[in-house]
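Quick look at coords.csv (CSV, C-alpha atoms and all ligand atoms):
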```csv
chain,number,residue,atom,x,y,z
A,334,MET,CA,22.2,-90.1,7.5
A,335,ILE,CA,24.1,-90.7,10.7
A,336,ASP,CA,22.1,-93.8,11.5
A,337,LYS,CA,22.8,-95.2,8.0
A,338,LEU,CA,26.5,-94.5,8.3
A,339,SER,CA,26.8,-95.9,11.8
A,340,LEU,CA,25.9,-99.3,10.3
A,341,ILE,CA,29.1,-99.2,8.4
A,342,PHE,CA,31.4,-97.4,10.9
A,343,GLY,CA,30.0,-99.0,14.1
A,344,SER,CA,28.9,-96.0,16.1
A,345,LYS,CA,27.2,-92.6,15.6
A,346,THR,CA,30.2,-90.8,16.9
A,347,LYS,CA,32.4,-92.5,14.2
A,348,ALA,CA,29.7,-91.8,11.5
A,349,GLN,CA,29.8,-88.1,12.6
A,350,GLU,CA,33.5,-87.9,12.1
A,351,ILE,CA,33.1,-89.3,8.6
A,352,VAL,CA,30.5,-86.7,7.8
A,353,LEU,CA,32.9,-84.0,9.0
A,354,LEU,CA,35.6,-85.4,6.9
A,355,LEU,CA,33.5,-85.5,3.8
A,356,ASN,CA,32.4,-81.9,4.4
A,357,ASP,CA,36.0,-80.7,4.9
A,358,ALA,CA,35.5,-79.9,8.5
A,359,LYS,CA,38.2,-82.3,9.5
A,360,PRO,CA,41.5,-83.0,7.6
A,361,VAL,CA,42.1,-86.6,8.8
A,362,VAL,CA,40.1,-89.0,11.0
A,363,ARG,CA,41.6,-91.8,13.0
A,364,GLN,CA,39.4,-94.7,14.0
A,365,GLY,CA,39.9,-98.2,15.3
A,366,PHE,CA,38.3,-101.3,13.7
A,367,TYR,CA,38.4,-105.0,14.1
A,368,PRO,CA,39.4,-107.0,11.0
A,369,GLU,CA,35.9,-108.1,10.3
A,370,GLU,CA,34.7,-104.5,10.2
A,371,LEU,CA,37.3,-103.3,7.7
A,372,PRO,CA,35.8,-104.5,4.4
A,373,LYS,CA,32.7,-102.4,4.8
A,374,VAL,CA,34.7,-99.4,5.7
A,375,GLU,CA,37.1,-99.9,2.9
A,376,ARG,CA,34.3,-100.2,0.4
A,377,PHE,CA,32.7,-97.0,1.7
A,378,CYS,CA,36.0,-95.1,1.3
A,379,LYS,CA,36.5,-96.3,-2.3
A,380,ASN,CA,33.0,-95.3,-3.2
A,381,ASN,CA,33.4,-91.9,-1.6
A,382,TYR,CA,36.9,-91.0,-2.8
A,383,LEU,CA,38.5,-91.2,0.6
A,384,PHE,CA,41.9,-92.6,1.1
A,385,ILE,CA,42.6,-95.0,3.9
A,386,ALA,CA,45.8,-96.1,5.6
A,387,LYS,CA,45.9,-99.0,8.1
A,388,SER,CA,48.3,-99.5,11.0
A,389,ARG,CA,50.7,-102.4,10.8
A,390,PHE,CA,50.1,-103.1,14.5
A,391,LYS,CA,47.0,-104.1,16.4
A,392,VAL,CA,45.8,-102.7,19.6
A,393,ILE,CA,44.1,-104.5,22.4
A,394,MET,CA,41.7,-102.0,24.0
A,395,VAL,CA,41.8,-101.8,27.8
A,396,ASP,CA,38.5,-100.0,28.0
A,397,ASN,CA,35.9,-98.3,25.7
A,398,GLY,CA,37.1,-97.8,22.2
A,399,SER,CA,39.4,-95.7,20.2
A,400,TYR,CA,39.0,-92.4,21.8
A,401,SER,CA,42.4,-92.0,23.4
A,402,ASN,CA,45.7,-93.7,23.2
A,403,LYS,CA,44.7,-96.4,25.7
A,404,GLY,CA,45.5,-99.9,24.8
A,405,LEU,CA,48.3,-102.3,24.3
A,406,ARG,CA,50.1,-102.4,21.0
A,407,ILE,CA,50.7,-105.9,19.6
A,408,PRO,CA,52.2,-107.1,16.3
A,409,GLU,CA,50.0,-107.9,13.4
A,410,MET,CA,50.8,-111.6,13.5
A,411,ASP,CA,49.9,-111.9,17.2
A,412,LYS,CA,46.9,-114.3,17.4
A,413,ARG,CA,45.1,-112.2,20.0
A,414,PRO,CA,42.1,-110.3,18.5
A,415,GLY,CA,43.0,-106.6,18.3
A,416,MET,CA,41.8,-103.4,16.5
A,417,TYR,CA,43.6,-101.8,13.7
A,418,PHE,CA,43.9,-98.1,13.5
A,419,VAL,CA,42.9,-96.6,10.2
A,420,TYR,CA,43.5,-93.0,9.1
A,421,LEU,CA,41.0,-91.6,6.6
A,422,SER,CA,41.3,-88.5,4.5
A,423,LYS,CA,40.6,-86.9,1.1
A,424,ASP,CA,44.4,-86.3,1.0
A,425,GLU,CA,46.3,-89.5,0.6
A,426,GLU,CA,49.5,-88.0,2.0
A,427,LYS,CA,47.8,-87.1,5.3
A,428,THR,CA,46.7,-90.7,5.8
A,429,TRP,CA,50.2,-92.0,5.6
A,430,LEU,CA,51.7,-89.2,7.6
A,431,ALA,CA,49.2,-89.9,10.4
A,432,ALA,CA,50.0,-93.6,10.3
A,433,TYR,CA,53.7,-92.8,10.5
A,434,GLN,CA,53.3,-90.3,13.4
A,435,GLU,CA,51.3,-92.8,15.4
A,436,MET,CA,53.7,-95.6,14.7
A,437,MET,CA,56.5,-93.3,16.0
A,438,HIS,CA,54.5,-92.5,19.1
A,439,SER,CA,54.6,-88.8,18.0
A,440,ASP,CA,51.4,-87.7,19.8
A,441,ARG,CA,52.0,-84.1,19.2
A,442,GLU,CA,52.5,-84.3,15.4
A,443,LEU,CA,49.6,-86.7,15.2
A,444,GLY,CA,47.3,-84.4,17.1
A,445,ILE,CA,48.2,-81.4,14.9
A,446,LEU,CA,47.6,-83.5,11.7
A,447,LEU,CA,44.2,-84.6,13.0
A,448,GLY,CA,43.4,-80.9,13.2
A,449,TYR,CA,43.3,-80.6,17.0
A,450,PRO,CA,44.0,-77.1,18.5
A,451,VAL,CA,47.7,-76.7,19.5
A,452,CYS,CA,46.8,-75.7,23.1
A,453,CYS,CA,44.8,-78.9,23.5
A,454,VAL,CA,47.5,-81.1,21.9
A,455,ASP,CA,50.1,-79.7,24.3
A,456,TYR,CA,47.7,-80.2,27.2
A,457,PHE,CA,47.2,-83.9,26.2
A,458,CYS,CA,50.9,-84.4,25.8
A,459,HIS,CA,51.6,-83.1,29.3
A,460,SER,CA,48.7,-84.6,31.2
A,461,PHE,CA,48.1,-88.0,29.6
A,462,SER,CA,49.9,-90.8,31.3
A,463,LYS,CA,49.4,-94.4,32.5
A,464,SER,CA,47.9,-93.1,35.7
A,465,ASN,CA,45.7,-90.5,33.9
A,466,VAL,CA,44.3,-91.9,30.8
A,467,ASP,CA,41.2,-89.7,30.8
A,468,PRO,CA,42.3,-86.1,31.3
A,469,MET,CA,38.8,-84.8,31.2
A,470,HIS,CA,37.3,-81.6,32.7
A,471,LYS,CA,34.0,-80.9,34.4
A,472,PRO,CA,31.6,-79.8,31.6
A,473,THR,CA,30.6,-76.1,31.5
A,474,ASN,CA,28.9,-76.2,28.1
A,475,PRO,CA,27.5,-78.8,25.7
A,476,TYR,CA,30.2,-78.2,23.0
A,477,THR,CA,33.2,-79.4,24.9
A,478,ASN,CA,31.4,-81.9,27.1
A,479,LEU,CA,33.0,-85.3,26.8
A,480,THR,CA,31.2,-87.0,29.7
A,481,LYS,CA,28.6,-88.7,27.4
A,482,ARG,CA,31.0,-90.1,24.9
A,483,ASP,CA,30.6,-93.6,26.3
A,484,GLN,CA,26.9,-93.2,25.3
A,485,ASP,CA,27.9,-92.4,21.8
A,486,CYS,CA,27.2,-88.7,22.3
A,487,VAL,CA,30.0,-86.2,21.8
A,488,LEU,CA,31.1,-83.4,19.4
A,489,LEU,CA,34.9,-83.3,19.8
A,490,SER,CA,37.3,-86.2,19.3
A,491,HIS,CA,40.1,-84.6,21.4
A,492,PHE,CA,40.6,-83.7,25.0
A,493,PRO,CA,40.1,-79.9,25.2
A,494,CYS,CA,42.7,-78.1,27.4
A,495,SER,CA,39.8,-76.6,29.3
A,496,SER,CA,36.1,-76.8,29.1
A,497,ASP,CA,36.1,-73.2,27.9
A,498,CYS,CA,39.0,-73.5,25.4
A,499,ASP,CA,38.1,-71.1,22.6
A,500,HIS,CA,39.6,-73.1,19.8
A,501,SER,CA,37.7,-76.2,20.9
A,502,LEU,CA,34.4,-74.3,21.2
A,503,GLN,CA,34.9,-72.9,17.7
A,504,LEU,CA,35.6,-76.4,16.3
A,505,ALA,CA,32.6,-77.9,18.1
A,506,ARG,CA,30.3,-75.2,16.8
A,507,LYS,CA,31.6,-75.8,13.3
A,508,TYR,CA,31.0,-79.5,13.7
A,509,LEU,CA,27.5,-79.0,15.0
A,510,ASN,CA,26.6,-76.8,12.0
A,511,VAL,CA,27.9,-79.3,9.5
A,512,LEU,CA,26.0,-82.0,11.3
A,513,ALA,CA,22.8,-80.0,11.5
A,514,ASP,CA,23.0,-79.5,7.7
A,515,VAL,CA,23.3,-83.3,7.1
A,516,ASP,CA,21.2,-84.7,9.9
A,517,ARG,CA,19.2,-82.1,11.8
A,518,ASN,CA,17.7,-84.8,14.1
A,519,ARG,CA,21.0,-86.1,15.3
A,520,ALA,CA,22.3,-82.5,15.9
A,521,ARG,CA,19.3,-81.8,18.0
A,522,LYS,CA,19.6,-85.0,20.0
A,523,ILE,CA,23.2,-84.4,20.8
A,524,MET,CA,22.6,-80.9,22.1
A,525,GLU,CA,19.7,-82.1,24.2
A,526,LYS,CA,21.9,-84.8,25.8
A,527,LEU,CA,25.0,-82.7,26.3
A,528,ARG,CA,23.3,-79.8,27.9
A,601,ZN,ZN,42.7,-75.8,23.9
```

Kindly transcribe the structure held in the file into structure tokens.
Ligand SMILES: [Zn+2]
Amino acid sequence: MIDKLSLIFGSKTKAQEIVLLLNDAKPVVRQGFYPEELPKVERFCKNNYLFIAKSRFKVIMVDNGSYSNKGLRIPEMDKRPGMYFVYLSKDEEKTWLAAYQEMMHSDRELGILLGYPVCCVDYFCHSFSKSNVDPMHKPTNPYTNLTKRDQDCVLLSHFPCSSDCDHSLQLARKYLNVLADVDRNRARKIMEKLR
């Protein structure tokens, strides 16, 4: 299941988020796509009753992918190749709200909309800066471990306020359970790698 979806969404981590969205474990998902990737994604959304809103700006990624707010925002008409952000949800209003909050640089409101724990949203808002674009902790458990995300292996899509953040642990366990129902193999591999 995850392998199949990753052909559409470009990575297993992104495919996982879509599974979580479809199974009501996430309210909204935010992902970055290049223009040529969008038709497949849009078709999937239409066939699966998901709403999709697209940013009116593009982002040039400074490093690996759409995980954080890294990247330079450029206008849509700029000729340089950039990624669009898309916001996916079963609830149309939430896709537009997320697009709006991101456009307004309202990190806090966006984080809350995306279903991240308030403690972690506050942590991100205080610690994320140009000099600290990766406010990550030493892993103490597989659930909140972000160190393998560049290898397409991670459960959370937010920076936990600490490796032992209760809310993040609860979320990650919930995600793993949903994932195990849909793709037992992937769930097992993730836990092996994050341990
Ligand atoms: Zn937290």

Fill in: Spatial neighbours of region 413-426 of chain A, max dist 8 Å, only C-alpha atoms, sep filter under 3 positions, as a PyMOL selection string
chain A and resi 354-355+360-368+382-394+407+429-432

Worksheet entry | Minimum-distance residue to ligand ZN 601 (chain A), chosen among A:Lys373, A:Lys507, A:His470, A:Lys345 (using all atoms listed in the file) |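 Closest candidate: A:His470.
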
Worksheet item: If you measure from CA of Lys337 (chain A) to CA of Glu525 (chain A), what distance in Å do you get, rounded to one decimal?
Response: 21.1 Å

Worksheet item: Can you tell me, as a list in words, what residues are no more than 12 Å from Ile335 (chain A) when counting only C-alpha atoms, ignoring any on the same chain fewer than 6 positions away?
Response: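 Answer for this query is Ile341, Phe342, Gly343, Ser344, Lys345, Thr346, Lys347, Ala348, Gln349, Glu350, Ile351, Val352, Leu353, Asp485, Leu512, Ala513, Asp514, Val515, Asp516, Arg517, Asn518, Arg519, Ala520, Lys522 and Ile523 of chain A.
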
Discussion item. Restricting the calculation to only C-alpha atoms: of A:Cys452, A:Leu527, A:Leu338, A:Cys494, which residue gets closest to Pro472 (chain A)?
Written reply: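 Closest residue, counting only C-alpha atoms: A:Leu527.
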
Worksheet item: Which of these, A:Gly404, A:Pro450, A:Pro468, A:Pro475, has the shortest distance to ligand ZN 601 (chain A) once you count all atoms listed in the file?
Response: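 Of A:Gly404, A:Pro450, A:Pro468, A:Pro475, the one nearest ligand ZN 601 (chain A), counting all atoms listed in the file, is A:Pro450.
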
Practice prompt. Output the neighbourhood of ligand ZN 601 (chain A) as a PyMOL selection string, that is, all protein and nucleic acid residues with some atom at most 12 Å from the ligand, counting all atoms listed in the file.
Written response: chain A and resi 444-445+448-457+470+477+489+491-505

Discussion item. To one decimal place in Å, what is the distance between CA of Asn381 (chain A) and CA of Val511 (chain A)?
Written reply: 17.7 Å

Discussion item. What does the structure give for the distance between CA of Lys526 (chain A) and CA of Lys359 (chain A), in Å to one decimal?
Written reply: 23.2 Å

Practice prompt. Would you mind telling me which residue in A:Met469, A:Met410, A:Cys458, A:Met436 lies nearest to Lys481 (chain A) when using all atoms listed in the file?
Written response: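 Closest residue, counting all atoms listed in the file: A:Met469.
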
Discussion item. For a quick check of understanding, using only C-alpha atoms, which of A:Arg441, A:Ser490, A:Tyr508, A:Asp411 has the smallest distance to Met524 (chain A)?
Written reply: A:Tyr508
